[in-house]
Amino acid sequence: MAGSSQLNLDESTVRSVVEEVLRNLTRSGGVPIEAPTPSPNRCGRNSRRFGVFEDAAEASRAALDAFHQLKEKGIAGRLKVVEIIKGLCDEKAEEWGRLEFEETRIGRLDHKVEKLQIVKLVPGVEWLKPYGLSGDHGITLEEYTPYGVVGAITPVTHSIPTLSGNVVNIVAAGNAVVFNPHPNGAGCAAVAVRTFNEAIHRELGIENLICAVEKPTLDSFDALCKAPEVSILCVTGGPAVVEAAMKSGKRAICAGPGNPPVLVDDTADIDKAARNIIEGGSYDNNLLCVGEKEIFVLDNVADRFIRAMRLAGAVQLNDGQLARLTAEAFTDSKDAGGCSHPVLNRDLVGKDATDLARIAGATAPAGTDMLFAETDANHPYVMEEQMMPMVPVIRVRSVEEGIELAKKAEHGYRHSSIIHTLNVNHMTAMARALDSTLFIKNGPCTAGLGLGGEGYLSYSIATTTGEGITNPKTFTRTRRCVMVDNLRIY
Ligand code: NAD
């Protein structure tokens, strides 16, 4: 290279120069230089954090630093991170699925594994296509640019899947992220975060692109919301955390609660409707926020539908069995106004259908995916987001009545609703009345997430704040770049 000189030293020359320098340092009272010994931290690993922090404020600072490093790596850096996350979710699906199952003790092991294997269906960098305008006054480009650091909250129902899916979207958009996971799923979340960062560090030299609070609390949630480095929040959870995030003063993308109703009318393929309801509603023992939670069925096909449910493997509870299970599944509580309302017993959430049957005093053969029982429209199993593989079936006299009761049970969350019908008018009427983010016709709930229906996957469906099924664009700021009267090629 012009202007530069080259020094060719062989290995033994280099070694003797280094040894001489070390001898001189020691003689002159200097500290001998040694390779740093990794100091074990509480995890018994070396002293690098790899994204796992005790303190939300410290994690937010580290994430901001990592965001700047990611910027330097360009689009290629983001692509590499997405590839790492999807690859690790696939490779570690069995191990992490089991880890999450053993920590949370809810849902089903086979579905915990599958939820990780399908993280590859979450859209990445390819999703971000700039929007161009060209006219007499020149050229304008709108670009989807990162916020910086996203603060994210994950639910216990899908700890590593939500975290991983969020990372794909958030990093594809060029951001770093700090998670305050659900305390009951924080151990497995920390394992995934550390593994992701170790791989990212090996490939890109960035250590803390994905951060997590190791022992999350309401205080660490508060600290995350207040951290000046955090630009925006992404919350996946129930009503309390959504409300807390929306009061935080920061913009929050809220993937809130649901209670998806299903309507089955007399034009539907009844056998298929029953199979679809069992498939979607029993997935991970009904932990999915999109999962079928209560079924309204037209009276003139209700008996056929009930037979079809039994034929497809669901076990029906009688009134006494339902009463026994309900007494365990809900307790009565009085609100501030003195009105009593049912409170869900979290110990039964995500339990196997066979466990619920035992509590009900019923017998369900091993491998039973779902229980069902006939109830009235105000039953706690209808009105509460119960997250158990036990769905209530309510007879309705007309489609209009079914839609009205479905709307009431959905509580205006505008999350998800499902219809089984061949009547386009019924589809349209329910779509308009429920106004839900996902509306699935003639399929299981999972079809709404690109699993058997057209579309793409995300574990955070921003229902409360309206962004819909989150994707990389959800985590971007739109910025406009304008060239006046020039650059246009014709
Ligand atoms: P949860 O609301 O109990 O917990 C979610 C997160 O919020 C956890 O990290 C928890 O520690 C935290 N949290 C809870 N209350 C809080 C408060 N007052 N302040 C701060 N943080 C708080 O929910 P869960 O049981 O883990 O998950 C199930 C809920 O999440 C259901 O309501 C389900 O519908 C919803 N969910 C929604 C989506 C979606 O995409 N819309 C996806 C999954 C789950």
# chains A, B, ... in the order shown; residues from 1 in each chain; ligands from 1
call {"tool": "closest_atom_pairs", "arguments": {"of": "chain A", "to": "ligand 1", "cutoff": "7 Å", "atoms": "only C-alpha atoms and all ligand atoms", "output": "tab-separated table"}}
result
residue	atom	partner	partner_atom_place_in_ligand_line	distance
A:Ile153	CA	ligand 1	9 (O)	5.1
A:Thr154	CA	ligand 1	9 (O)	4.8
A:Pro155	CA	ligand 1	26 (O)	3.2
A:Val156	CA	ligand 1	26 (O)	3.8
A:Thr157	CA	ligand 1	27 (O)	5.2
A:His158	CA	ligand 1	43 (C)	6.8
A:Asn180	CA	ligand 1	9 (O)	6.1
A:Pro181	CA	ligand 1	9 (O)	4.5
A:His182	CA	ligand 1	9 (O)	3.2
A:Pro183	CA	ligand 1	11 (O)	5.5
A:Thr217	CA	ligand 1	11 (O)	6.7
A:Leu218	CA	ligand 1	20 (C)	5.0
A:Phe221	CA	ligand 1	20 (C)	5.7
A:Thr236	CA	ligand 1	38 (C)	5.1
A:Gly237	CA	ligand 1	30 (O)	3.1
A:Gly238	CA	ligand 1	2 (O)	3.3
A:Pro239	CA	ligand 1	2 (O)	6.1
A:Ala240	CA	ligand 1	18 (N)	4.5
A:Val241	CA	ligand 1	16 (C)	3.9
A:Ala244	CA	ligand 1	19 (N)	5.3
A:Ala255	CA	ligand 1	41 (N)	3.5
A:Gly256	CA	ligand 1	41 (N)	4.2
A:Pro257	CA	ligand 1	34 (O)	3.3
A:Gly258	CA	ligand 1	34 (O)	4.6
A:Leu288	CA	ligand 1	43 (C)	6.4
A:Cys289	CA	ligand 1	34 (O)	4.0
A:Glu385	CA	ligand 1	32 (O)	6.9
A:His415	CA	ligand 1	41 (N)	6.9
A:Tyr459	CA	ligand 1	40 (O)	5.4
A:Ser460	CA	ligand 1	40 (O)	3.5
A:Ile461	CA	ligand 1	40 (O)	3.5
A:Ala462	CA	ligand 1	41 (N)	5.6
A:Thr463	CA	ligand 1	41 (N)	5.8
call {"tool": "residues_around", "arguments": {"residues": "Pro130 of chain A", "least_positions_apart": "4", "cutoff": "10 Å", "atoms": "only C-alpha atoms", "output": "compact mmCIF listing (two decimals) with C-alpha atoms, in the first residue's frame"}}
result
# COMPACT_ATOMS: atom_id res chain seq x y z
CA LEU A 141 -38.65 8.26 0.18
CA GLU A 142 -40.33 7.14 3.38
CA GLU A 143 -38.13 4.82 5.37
CA TYR A 144 -38.99 2.58 8.31
CA THR A 145 -36.30 3.35 10.85
CA THR A 478 -41.54 6.41 9.61
CA ARG A 479 -39.18 9.11 8.40
CA ARG A 480 -39.40 11.03 5.13
call {"tool": "closest_residue", "arguments": {"among": "A:Thr354, A:Thr140, A:Ser164, A:Asn175", "to": "Arg78 of chain A", "atoms": "only C-alpha atoms"}}
result
A:Asn175
call {"tool": "closest_residue", "arguments": {"among": "A:Leu348, A:Ala431, A:Ala329, A:Val290", "to": "Asn259 of chain A", "atoms": "only C-alpha atoms"}}
result
A:Val290
call {"tool": "select_by_dssp", "arguments": {"residues": "segment 261-447 of chain A", "states": "strand (DSSP E)", "output": "number ranges by chain"}}
result
A: 261-264, 294-298, 315-316, 330-334, 340-344, 371-374, 390-396, 416-420, 438-441
call {"tool": "residues_around", "arguments": {"residues": "Thr428 of chain A", "least_positions_apart": "4", "cutoff": "12 Å", "atoms": "only C-alpha atoms", "output": "list of chain:residue names"}}
result
A:Val399, A:Glu400, A:Ile403, A:Ile418, A:Ile419, A:Thr421, A:Leu422, A:Asn423, A:Val424, A:Arg432, A:Ala433, A:Leu434, A:Asp435, A:Phe439, A:Ile440, A:Lys441
